[in-house]
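Heads up, coords.txt below (compact mmCIF, C-alpha atoms):
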# COMPACT_ATOMS: atom_id res chain seq x y z
CA MET A 39 17.22 -69.02 26.33
CA ASN A 40 19.45 -67.29 23.80
CA LYS A 41 20.00 -63.58 24.28
CA ILE A 42 19.15 -61.48 21.21
CA ASN A 43 21.98 -59.13 20.34
CA ALA A 44 21.04 -55.48 19.62
CA PRO A 45 21.81 -54.34 16.05
CA ALA A 46 25.14 -52.59 15.71
CA LYS A 47 25.05 -48.85 15.12
CA PRO A 48 26.07 -47.88 11.59
CA PRO A 49 29.21 -45.79 11.10
CA PHE A 50 28.87 -42.03 11.13
CA TRP A 51 29.20 -41.66 7.37
CA ARG A 52 26.37 -44.22 6.84
CA ASP A 53 23.90 -42.70 9.33
CA PRO A 54 21.50 -40.51 7.27
CA GLU A 55 20.60 -38.19 10.16
CA LYS A 56 24.20 -37.55 11.27
CA ARG A 57 25.38 -37.21 7.67
CA ALA A 58 22.65 -34.61 6.95
CA LEU A 59 23.58 -32.70 10.10
CA ALA A 60 27.24 -32.68 9.11
CA PHE A 61 26.42 -31.37 5.62
CA GLN A 62 24.32 -28.57 7.12
CA ILE A 63 27.11 -27.56 9.47
CA VAL A 64 29.63 -27.50 6.63
CA PHE A 65 27.27 -25.48 4.42
CA LEU A 66 26.60 -22.97 7.22
CA ALA A 67 30.34 -22.59 7.81
CA ILE A 68 30.90 -21.88 4.10
CA VAL A 69 28.12 -19.27 4.05
CA LEU A 70 29.53 -17.55 7.15
CA PHE A 71 33.02 -17.57 5.69
CA ILE A 72 31.81 -16.04 2.40
CA GLY A 73 29.83 -13.41 4.31
CA TYR A 74 32.82 -12.55 6.49
CA SER A 75 35.07 -12.32 3.44
CA LEU A 76 32.65 -9.98 1.65
CA VAL A 77 32.26 -7.71 4.67
CA ASN A 78 35.99 -7.66 5.39
CA ASN A 79 36.83 -6.95 1.74
CA THR A 80 34.24 -4.15 1.62
CA MET A 81 35.59 -2.53 4.79
CA ASN A 82 39.17 -2.70 3.50
CA ASN A 83 38.16 -1.13 0.17
CA LEU A 84 36.30 1.68 1.94
CA ALA A 85 39.26 2.33 4.22
CA SER A 86 41.67 2.40 1.27
CA GLN A 87 39.48 5.06 -0.43
CA GLY A 88 39.22 7.12 2.74
CA ILE A 89 35.47 6.54 3.15
CA ALA A 90 34.40 6.31 6.78
CA SER A 91 32.12 3.47 7.85
CA GLY A 92 29.35 3.48 10.41
CA PHE A 93 26.15 5.45 10.92
CA GLY A 94 27.63 8.64 12.32
CA PHE A 95 26.62 10.53 9.17
CA LEU A 96 22.95 10.26 10.20
CA SER A 97 23.43 13.02 12.77
CA THR A 98 25.07 15.50 10.35
CA ASN A 99 23.25 18.18 8.36
CA THR A 100 22.13 17.36 4.82
CA GLY A 101 22.34 20.79 3.17
CA PHE A 102 19.68 19.94 0.57
CA ALA A 103 15.96 20.67 0.42
CA ILE A 104 13.06 18.28 -0.16
CA ALA A 105 10.07 19.51 -2.13
CA GLU A 106 7.34 17.45 -0.41
CA THR A 107 7.44 16.52 3.25
CA LEU A 108 4.91 15.28 5.80
CA ILE A 109 7.02 16.51 8.71
CA GLU A 110 9.08 19.65 9.22
CA TYR A 111 12.32 19.60 7.24
CA ASN A 112 14.89 22.12 5.94
CA GLU A 113 18.48 22.24 4.72
CA SER A 114 19.83 22.18 8.28
CA SER A 115 18.03 18.90 9.13
CA THR A 116 19.98 15.69 9.62
CA TYR A 117 20.36 12.77 7.24
CA PHE A 118 18.27 10.68 9.61
CA ARG A 119 15.41 13.15 9.24
CA SER A 120 15.74 12.97 5.46
CA PHE A 121 15.49 9.20 5.83
CA VAL A 122 12.26 9.59 7.82
CA VAL A 123 10.87 12.05 5.25
CA GLY A 124 11.54 9.62 2.39
CA LEU A 125 10.09 6.73 4.38
CA LEU A 126 6.87 8.61 5.16
CA ASN A 127 6.47 9.65 1.53
CA THR A 128 6.92 6.03 0.42
CA ILE A 129 4.35 4.80 2.94
CA LEU A 130 1.90 7.55 1.93
CA VAL A 131 2.08 6.69 -1.77
CA SER A 132 1.83 2.95 -1.06
CA VAL A 133 -1.20 3.23 1.22
CA ILE A 134 -3.10 5.56 -1.13
CA GLY A 135 -2.13 3.45 -4.14
CA ILE A 136 -3.32 0.23 -2.47
CA PHE A 137 -6.62 1.89 -1.52
CA PHE A 138 -7.46 3.10 -5.03
CA ALA A 139 -6.05 0.00 -6.75
CA THR A 140 -8.31 -2.20 -4.61
CA ILE A 141 -11.43 -0.18 -5.39
CA LEU A 142 -10.66 0.00 -9.12
CA GLY A 143 -9.61 -3.64 -9.28
CA PHE A 144 -12.74 -4.98 -7.59
CA SER A 145 -14.96 -2.72 -9.70
CA MET A 146 -13.35 -3.79 -12.97
CA GLY A 147 -13.23 -7.45 -11.97
CA ILE A 148 -16.97 -7.49 -11.28
CA ALA A 149 -17.65 -5.38 -14.38
CA ARG A 150 -15.91 -7.98 -16.56
CA LEU A 151 -18.54 -10.50 -15.47
CA SER A 152 -21.45 -8.16 -16.13
CA ASN A 153 -24.30 -9.33 -18.35
CA ASN A 154 -24.15 -5.93 -20.05
CA TRP A 155 -22.03 -6.44 -23.18
CA LEU A 156 -20.76 -2.84 -23.29
CA ILE A 157 -19.70 -2.75 -19.63
CA SER A 158 -17.92 -6.11 -19.82
CA ARG A 159 -16.11 -5.14 -23.05
CA LEU A 160 -14.97 -1.79 -21.67
CA ALA A 161 -13.69 -3.52 -18.52
CA ALA A 162 -11.84 -6.07 -20.65
CA ILE A 163 -10.22 -3.30 -22.70
CA TYR A 164 -9.20 -1.52 -19.48
CA VAL A 165 -7.58 -4.66 -18.06
CA ASP A 166 -5.89 -5.93 -21.23
CA THR A 167 -4.52 -2.51 -22.12
CA LEU A 168 -3.12 -1.41 -18.77
CA ARG A 169 -1.55 -4.65 -17.66
CA ASN A 170 0.35 -5.03 -20.94
CA ILE A 171 1.98 -1.59 -20.87
CA PRO A 172 5.09 -1.27 -18.66
CA LEU A 173 4.51 0.64 -15.45
CA LEU A 174 7.37 3.05 -16.13
CA LEU A 175 5.81 4.09 -19.46
CA GLN A 176 2.45 4.63 -17.76
CA LEU A 177 4.18 6.74 -15.14
CA PHE A 178 5.80 8.86 -17.84
CA PHE A 179 2.45 9.17 -19.64
CA TRP A 180 0.63 10.54 -16.60
CA TYR A 181 3.50 12.88 -15.75
CA PHE A 182 4.74 14.19 -19.11
CA ALA A 183 1.67 13.78 -21.33
CA VAL A 184 -1.21 14.54 -18.95
CA LEU A 185 -0.12 16.70 -16.00
CA ARG A 186 2.91 18.68 -17.18
CA PRO A 187 1.18 20.17 -20.29
CA LEU A 188 -1.47 21.80 -18.09
CA PRO A 189 -1.52 25.64 -18.10
CA ASN A 190 0.70 27.79 -15.89
CA PRO A 191 -0.65 29.09 -12.58
CA LYS A 192 -1.44 32.41 -14.24
CA ASP A 193 -3.86 30.62 -16.61
CA ALA A 194 -5.02 28.01 -14.09
CA ILE A 195 -8.12 25.93 -14.74
CA GLU A 196 -10.68 26.81 -12.06
CA LEU A 197 -12.53 23.63 -11.12
CA GLY A 198 -14.68 25.26 -8.50
CA THR A 199 -14.56 27.73 -5.67
CA ASN A 200 -10.89 28.12 -4.64
CA LEU A 201 -9.84 24.97 -6.54
CA PHE A 202 -7.23 25.45 -9.28
CA LEU A 203 -5.54 22.96 -11.63
CA THR A 204 -2.13 23.90 -13.08
CA ASN A 205 1.08 22.28 -14.31
CA ARG A 206 2.44 22.76 -10.80
CA GLY A 207 -0.34 20.81 -9.16
CA LEU A 208 -3.88 20.98 -7.88
CA PHE A 209 -4.36 23.80 -5.36
CA GLY A 210 -7.25 23.95 -2.90
CA PRO A 211 -8.24 25.10 0.60
CA LYS A 212 -6.17 23.80 3.49
CA PRO A 213 -7.89 22.98 6.82
CA ILE A 214 -6.54 24.76 9.89
CA TYR A 215 -7.28 22.85 13.07
CA GLU A 216 -8.01 25.10 16.02
CA SER A 217 -8.30 24.51 19.75
CA GLY A 218 -10.97 21.94 20.52
CA PHE A 219 -10.64 20.00 17.27
CA VAL A 220 -9.37 17.02 19.27
CA TRP A 221 -12.98 16.37 20.30
CA VAL A 222 -14.00 16.17 16.66
CA PHE A 223 -11.22 13.66 16.09
CA MET A 224 -12.34 11.66 19.12
CA GLY A 225 -15.87 11.66 17.73
CA PHE A 226 -14.55 10.23 14.46
CA VAL A 227 -12.60 7.52 16.33
CA LEU A 228 -15.71 6.59 18.32
CA ALA A 229 -17.67 6.44 15.06
CA ILE A 230 -15.13 3.99 13.60
CA ILE A 231 -15.30 1.81 16.71
CA GLY A 232 -19.09 1.95 16.61
CA THR A 233 -19.06 0.97 12.93
CA VAL A 234 -16.92 -2.11 13.62
CA VAL A 235 -19.21 -3.16 16.49
CA LEU A 236 -22.26 -2.52 14.31
CA PHE A 237 -20.96 -4.73 11.49
CA LYS A 238 -20.25 -7.60 13.90
CA TRP A 239 -23.65 -7.27 15.56
CA ALA A 240 -25.45 -7.09 12.20
CA ARG A 241 -23.68 -10.24 10.98
CA LYS A 242 -24.60 -12.21 14.10
CA ARG A 243 -28.17 -10.95 13.84
CA GLN A 244 -28.38 -12.01 10.21
CA GLU A 245 -26.98 -15.48 10.97
CA ALA A 246 -29.47 -15.92 13.82
CA THR A 247 -32.64 -14.47 12.27
CA GLY A 248 -31.90 -14.09 8.55
CA GLN A 249 -32.86 -10.42 8.71
CA LEU A 250 -30.65 -7.76 7.12
CA PHE A 251 -29.78 -4.55 8.91
CA PRO A 252 -28.96 -1.36 6.94
CA VAL A 253 -25.36 -1.32 8.19
CA TYR A 254 -23.91 0.87 5.43
CA ARG A 255 -26.41 3.69 5.86
CA THR A 256 -26.13 3.47 9.64
CA ALA A 257 -22.32 3.42 9.50
CA LEU A 258 -22.32 6.45 7.18
CA ALA A 259 -24.62 8.28 9.60
CA LEU A 260 -22.24 7.45 12.48
CA LEU A 261 -19.11 8.55 10.59
CA ILE A 262 -20.70 11.88 9.65
CA GLY A 263 -23.01 12.49 12.61
CA LEU A 264 -20.68 11.98 15.59
CA PRO A 265 -17.87 14.28 14.32
CA LEU A 266 -20.48 16.83 13.27
CA ILE A 267 -22.09 16.80 16.72
CA ALA A 268 -18.65 17.16 18.35
CA ALA A 269 -17.82 20.05 16.01
CA ALA A 270 -21.09 21.81 16.80
CA ALA A 271 -20.54 21.34 20.54
CA THR A 272 -17.05 22.90 20.34
CA GLY A 273 -18.04 25.77 18.07
CA PHE A 274 -16.72 24.29 14.79
CA PRO A 275 -12.98 24.63 15.58
CA LEU A 276 -11.92 24.53 11.94
CA SER A 277 -10.95 27.25 9.49
CA TRP A 278 -9.62 27.20 5.93
CA GLU A 279 -6.49 28.68 4.37
CA LEU A 280 -7.22 29.60 0.75
CA PRO A 281 -4.69 29.47 -2.11
CA VAL A 282 -3.83 32.88 -3.55
CA LEU A 283 -1.91 33.58 -6.78
CA LYS A 284 1.23 35.53 -5.92
CA GLY A 285 3.87 36.04 -8.59
CA PHE A 286 4.38 32.89 -10.63
CA ASN A 287 2.63 30.41 -8.33
CA PHE A 288 -0.13 29.97 -5.77
CA ARG A 289 0.68 30.57 -2.12
CA GLY A 290 -1.10 29.07 0.84
CA GLY A 291 -3.71 26.37 0.81
CA MET A 292 -3.05 22.72 0.07
CA SER A 293 -1.59 21.29 -3.11
CA LEU A 294 -1.15 17.97 -4.86
CA THR A 295 1.98 18.06 -6.99
CA PRO A 296 2.17 16.49 -10.48
CA GLU A 297 4.84 14.09 -9.22
CA PHE A 298 2.67 12.75 -6.41
CA SER A 299 -0.50 12.60 -8.52
CA SER A 300 1.09 10.86 -11.52
CA LEU A 301 2.79 8.30 -9.27
CA VAL A 302 -0.47 7.47 -7.47
CA PHE A 303 -2.40 7.30 -10.76
CA ALA A 304 0.14 5.02 -12.42
CA LEU A 305 0.48 2.67 -9.46
CA SER A 306 -3.29 2.50 -8.93
CA VAL A 307 -4.44 1.85 -12.48
CA TYR A 308 -1.58 -0.53 -13.31
CA THR A 309 -2.05 -2.66 -10.20
CA SER A 310 -5.85 -2.52 -10.49
CA SER A 311 -5.67 -4.26 -13.88
CA PHE A 312 -4.04 -7.28 -12.22
CA ILE A 313 -6.39 -7.16 -9.23
CA ALA A 314 -9.34 -7.15 -11.63
CA GLU A 315 -8.22 -10.49 -13.10
CA ILE A 316 -7.68 -11.89 -9.63
CA VAL A 317 -11.19 -10.83 -8.60
CA ARG A 318 -12.71 -12.23 -11.80
CA SER A 319 -11.00 -15.59 -11.35
CA GLY A 320 -11.98 -15.68 -7.68
CA ILE A 321 -15.65 -15.10 -8.50
CA LEU A 322 -15.59 -17.71 -11.27
CA ALA A 323 -14.09 -20.18 -8.78
CA VAL A 324 -17.32 -20.07 -6.76
CA ASP A 325 -19.71 -22.80 -7.88
CA ARG A 326 -22.51 -21.43 -10.03
CA GLY A 327 -24.96 -23.39 -7.93
CA GLN A 328 -24.42 -20.85 -5.15
CA THR A 329 -25.77 -18.09 -7.40
CA GLU A 330 -28.68 -20.21 -8.63
CA ALA A 331 -29.59 -21.17 -5.06
CA ALA A 332 -29.55 -17.52 -3.99
CA PHE A 333 -31.77 -16.53 -6.91
CA ALA A 334 -34.12 -19.42 -6.12
CA LEU A 335 -34.52 -17.99 -2.61
CA GLY A 336 -35.46 -14.63 -4.10
CA ILE A 337 -32.25 -12.83 -3.11
CA LYS A 338 -31.55 -9.78 -5.25
CA PRO A 339 -28.51 -9.94 -7.61
CA ALA A 340 -26.68 -7.15 -5.75
CA TRP A 341 -27.21 -8.90 -2.41
CA THR A 342 -26.19 -12.23 -3.96
CA THR A 343 -22.89 -10.73 -5.09
CA ARG A 344 -22.20 -9.00 -1.78
CA LEU A 345 -23.43 -11.67 0.66
CA VAL A 346 -22.95 -14.98 -1.18
CA ILE A 347 -20.39 -14.73 -3.98
CA VAL A 348 -17.74 -12.24 -2.79
CA PRO A 349 -17.30 -13.75 0.75
CA GLN A 350 -16.55 -17.14 -0.81
CA ALA A 351 -14.42 -15.67 -3.58
CA LEU A 352 -12.23 -13.83 -1.05
CA ARG A 353 -10.71 -17.15 0.02
CA VAL A 354 -9.33 -17.47 -3.51
CA ILE A 355 -8.63 -13.76 -4.03
CA ILE A 356 -6.63 -12.88 -0.90
CA PRO A 357 -3.36 -14.87 -1.50
CA PRO A 358 -2.64 -13.43 -4.99
CA LEU A 359 -3.98 -10.05 -3.85
CA THR A 360 -1.20 -9.99 -1.26
CA SER A 361 1.38 -10.29 -4.02
CA GLN A 362 -0.11 -7.30 -5.84
CA TYR A 363 0.03 -5.18 -2.68
CA LEU A 364 3.69 -6.13 -2.28
CA ASN A 365 4.40 -5.32 -5.91
CA LEU A 366 2.74 -1.91 -5.62
CA THR A 367 4.79 -1.04 -2.53
CA LYS A 368 8.04 -2.04 -4.21
CA ASN A 369 7.10 -0.40 -7.51
CA SER A 370 6.72 2.91 -5.69
CA SER A 371 10.52 3.12 -5.89
CA LEU A 372 10.03 4.19 -9.53
CA ALA A 373 9.20 7.60 -8.07
CA ALA A 374 12.84 8.52 -8.63
CA ALA A 375 12.13 8.59 -12.39
CA ILE A 376 9.89 11.67 -12.00
CA ALA A 377 11.71 13.23 -9.03
CA TYR A 378 9.10 12.44 -6.39
CA PRO A 379 10.99 12.46 -3.05
CA ASP A 380 10.42 8.92 -1.85
CA LEU A 381 12.93 6.87 0.12
CA VAL A 382 14.95 5.80 -2.94
CA ALA A 383 15.17 9.28 -4.44
CA VAL A 384 15.97 11.11 -1.19
CA PHE A 385 18.03 8.67 0.84
CA ALA A 386 19.40 6.11 -1.63
CA GLY A 387 19.87 8.87 -4.19
CA THR A 388 20.72 12.36 -2.98
CA ALA A 389 22.04 11.36 0.46
CA LEU A 390 24.14 8.54 -0.98
CA ASN A 391 25.70 10.84 -3.57
CA GLN A 392 26.71 13.28 -0.85
CA VAL A 393 28.12 11.00 1.84
CA GLY A 394 29.18 8.05 -0.32
CA GLN A 395 28.46 5.44 2.37
CA ALA A 396 26.72 2.98 0.09
CA VAL A 397 26.79 -0.02 2.42
CA GLU A 398 25.00 1.69 5.29
CA ILE A 399 22.51 3.64 3.17
CA MET A 400 21.61 0.75 0.88
CA GLY A 401 21.39 -1.56 3.88
CA MET A 402 18.89 0.75 5.58
CA THR A 403 16.89 1.15 2.37
CA LEU A 404 16.74 -2.59 1.74
CA ALA A 405 15.75 -3.19 5.36
CA VAL A 406 12.86 -0.72 5.04
CA TYR A 407 11.39 -2.40 1.96
CA LEU A 408 11.85 -5.80 3.60
CA PHE A 409 10.05 -4.57 6.71
CA LEU A 410 7.18 -3.06 4.69
CA SER A 411 6.77 -6.27 2.68
CA LEU A 412 6.79 -8.46 5.78
CA THR A 413 4.27 -6.18 7.49
CA ILE A 414 1.88 -6.35 4.53
CA SER A 415 2.33 -10.12 4.30
CA PHE A 416 1.67 -10.54 8.03
CA PHE A 417 -1.53 -8.50 7.91
CA MET A 418 -2.83 -10.21 4.76
CA ASN A 419 -2.00 -13.68 6.11
CA TRP A 420 -3.88 -12.82 9.29
CA TYR A 421 -6.86 -11.64 7.25
CA ASN A 422 -6.67 -14.75 5.09
CA SER A 423 -6.79 -16.96 8.19
CA LYS A 424 -9.89 -15.09 9.37
CA MET A 425 -11.61 -15.69 6.02
CA ALA A 426 -10.55 -19.34 5.68
CA LEU A 427 -13.17 -22.08 5.90
CA VAL A 428 -13.30 -23.72 9.33
CA GLU A 429 -13.80 -27.46 9.21
CA ARG A 430 -16.33 -28.78 11.71

Hey, can you dump this file as structure tokens for me?
Amino acid sequence: MNKINAPAKPPFWRDPEKRALAFQIVFLAIVLFIGYSLVNNTMNNLASQGIASGFGFLSTNTGFAIAETLIEYNESSTYFRSFVVGLLNTILVSVIGIFFATILGFSMGIARLSNNWLISRLAAIYVDTLRNIPLLLQLFFWYFAVLRPLPNPKDAIELGTNLFLTNRGLFGPKPIYESGFVWVFMGFVLAIIGTVVLFKWARKRQEATGQLFPVYRTALALLIGLPLIAAAATGFPLSWELPVLKGFNFRGGMSLTPEFSSLVFALSVYTSSFIAEIVRSGILAVDRGQTEAAFALGIKPAWTTRLVIVPQALRVIIPPLTSQYLNLTKNSSLAAAIAYPDLVAVFAGTALNQVGQAVEIMGMTLAVYLFLSLTISFFMNWYNSKMALVER
């Protein structure tokens, strides 16, 4: 019996797997060499200009003030604290902008599909107008054409009791939390938990019996009732600080500055115009037979939209919606154009001009926006996986 000889192994340069591995190693070595050369060249240039490297500057005093802060800050605070102030302001604008853009976008997207000719035309004008005007111009419009021409504090527009609108912002009562308010907060947290449990229970009940439970009215009663009961039990530990006109401006109370308001308005309405088209296309992607079947069963149009159409449309809406949330967060960096103290204006602007350490400051700023984008993407991908169809 003849022995079958095993095929000879091909040479290294003819083996596809080994050749691919070699190319990857060479490419990685080139990338590392280029990166090392850039870093080394940057460090040598900084040293030749007498600019210190490292993050030691973060512990030194800034010497400049910031108009709007969510935490305590003054001229003697450190550069790291200014970084935190800018970061919190960026997150605040992004979260509020995403909230309002989502509400406006869904409303306008559904309105575009309305059977009412006037409503659908007005929604179409809203979408086509706002998404075709650059965001920076819209930001300037809200700031320079709408809010800045308002009257001075001395001639403030009184919108209601202790609520004043001026060119320096909207001034109103500020809540002062007293001892015992923590129980009111705990009541609100329990109400949120109860609302989540209620929604899950109501969905399971509907799937099992077909009966609807008034979850929205019950949830609203929980969110208002539990904190109110806790407040009554602790003697309403809340007082109000009222704004008072002193000199050339109002003192005390709470205020929304023109910079903050115009930035939120511009980001919200601009992004909502894109979300509206995403919502419209997602709803149109649902087979019309779903709507006809729901109507044949006697389901009301509002319930059909909420219970049949929108849940299916979300599977189409969520992926492009994620991109709009990312765009809104990154577009918040335009705040520097109207002097709102976000991360770019405070840290990558004022702080960079003072210390001159561009590599460290820009690196931290870029890392923050990367982290925020990845966080939003992670959450939206998780939500998308929860809404995805499960094959049986």

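The list of residues with at least one atom within 6 Å of segment 165-182 of chain A, based on all atoms listed in the file and without residues fewer than 4 positions apart in the same chain, reads Arg186, Ser300, Ala304, Tyr308 and Ser311 of chain A.
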
Tell me, in Å to one decimal, how far atom CA of Asn190 of chain A is from atom CA of Leu203 of chain A.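 Separation between atom CA of Asn190 of chain A and atom CA of Leu203 of chain A: 9.0 Å.
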
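Residue nearest Phe286 of chain A, chosen from A:Glu55, A:Asp193, A:Glu330, A:Glu315 and counting all atoms listed in the file: A:Asp193.
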
Would you write out, as CSV, a table of all residues in segment 64-132 of chain A that have an atom no more than 10 Å from an atom of segment 350-367 of chain A, listing for each the closest atom pair and the distance in Å to one decimal, considering all atoms listed in the file and ordering rows by chain and rising residue number?
residue,atom,partner,partner_atom,distance
A:Thr128,CA,A:Thr367,CA,8.0
A:Ile129,CA,A:Thr367,CA,8.0
A:Val131,CA,A:Thr367,CA,8.2
A:Ser132,CA,A:Thr367,CA,5.2

Distance in Å - atom CA of Ile347 of chain A versus atom CA of Ala240 of chain A: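 That distance, rounded to one decimal, is 18.6 Å.
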
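Distance annotation: of A:Arg119, A:Gly263, A:Leu188, A:Val64, the residue with the minimal separation from Phe102 of chain A is A:Arg119; atom set is only C-alpha atoms.
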
Smallest atom-to-atom distance to Glu398 of chain A: which of A:Met81, A:Leu283, A:Val348, A:Ile230, using only C-alpha atoms?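 The shortest atom-to-atom distance to Glu398 of chain A comes from A:Met81.
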
For atom CA of Ala139 of chain A and atom CA of Leu126 of chain A, the interatomic separation in Å (one decimal):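 Computing the Euclidean distance for atom CA of Ala139 of chain A and atom CA of Leu126 of chain A yields 19.6 Å.
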
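Among the candidates A:Phe223, A:Trp341, A:Phe288, A:Phe385, the residue lying nearest to Phe118 of chain A is A:Phe385 (atoms considered: all atoms listed in the file).
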
Which residue of A:Ser310, A:Ala331, A:Ala58, A:Ser115 approaches Tyr164 of chain A most closely, using only C-alpha atoms: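 That would be A:Ser310, the residue with the smallest distance to Tyr164 of chain A.
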
Within 12 Å of (-23.7, 3.4, 9.0) (file coordinates; all atoms listed in the file), which protein or nucleic acid residues are there? I'd like them as a PyMOL selection string. chain A and resi 229-237+240+251-264

When you count all atoms listed in the file, which of these residues is closest to Arg326 of chain A: A:Thr342, A:Leu70, A:Ser411, A:Thr295?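 So, comparing all the options, the nearest one is A:Thr342.
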
Go through segment 163-256 of chain A residue by residue and, counting all atoms listed in the file, keep those with an atom at most 10 Å from segment 269-279 of chain A; for each kept residue give the shortest atom pair and its distance in Å to one decimal, ordered by chain and increasing number, as CSV.
residue,atom,partner,partner_atom,distance
A:Gly210,CA,A:Glu279,CA,8.7
A:Pro211,CA,A:Glu279,CA,5.5
A:Lys212,CA,A:Glu279,CA,5.0
A:Pro213,CA,A:Trp278,CA,4.6
A:Ile214,CA,A:Ser277,CA,5.1
A:Tyr215,CA,A:Leu276,CA,5.1
A:Glu216,CA,A:Pro275,CA,5.0
A:Ser217,CA,A:Pro275,CA,6.3
A:Gly218,CA,A:Pro275,CA,6.0
A:Phe219,CA,A:Pro275,CA,5.5
A:Val220,CA,A:Pro275,CA,9.2
A:Trp221,CA,A:Ala269,CA,7.4
A:Val222,CA,A:Ala269,CA,5.5
A:Phe223,CA,A:Ala269,CA,9.2
A:Gly225,CA,A:Ala269,CA,8.8

Using C-alpha atoms, can you export the residues from the last selection as a CSV table (one decimal), in the coordinates of the input?
chain,number,residue,atom,x,y,z
A,210,GLY,CA,-7.2,24.0,-2.9
A,211,PRO,CA,-8.2,25.1,0.6
A,212,LYS,CA,-6.2,23.8,3.5
A,213,PRO,CA,-7.9,23.0,6.8
A,214,ILE,CA,-6.5,24.8,9.9
A,215,TYR,CA,-7.3,22.8,13.1
A,216,GLU,CA,-8.0,25.1,16.0
A,217,SER,CA,-8.3,24.5,19.8
A,218,GLY,CA,-11.0,21.9,20.5
A,219,PHE,CA,-10.6,20.0,17.3
A,220,VAL,CA,-9.4,17.0,19.3
A,221,TRP,CA,-13.0,16.4,20.3
A,222,VAL,CA,-14.0,16.2,16.7
A,223,PHE,CA,-11.2,13.7,16.1
A,225,GLY,CA,-15.9,11.7,17.7

Exercise: Phe298 of chain A partners within 9 Å, all atoms listed in the file, chain neighbours under 5 positions left out, as an NGL selection string: :A and (106 or 131 or 303 or 373 or 378-379)

Surrounding residues of Ile141 of chain A excluding itself and chain neighbours under 4 positions, 12 Å, only C-alpha atoms, as a PyMOL selection string: chain A and resi 134-137+145-148+306-307+309-311+313-314+317
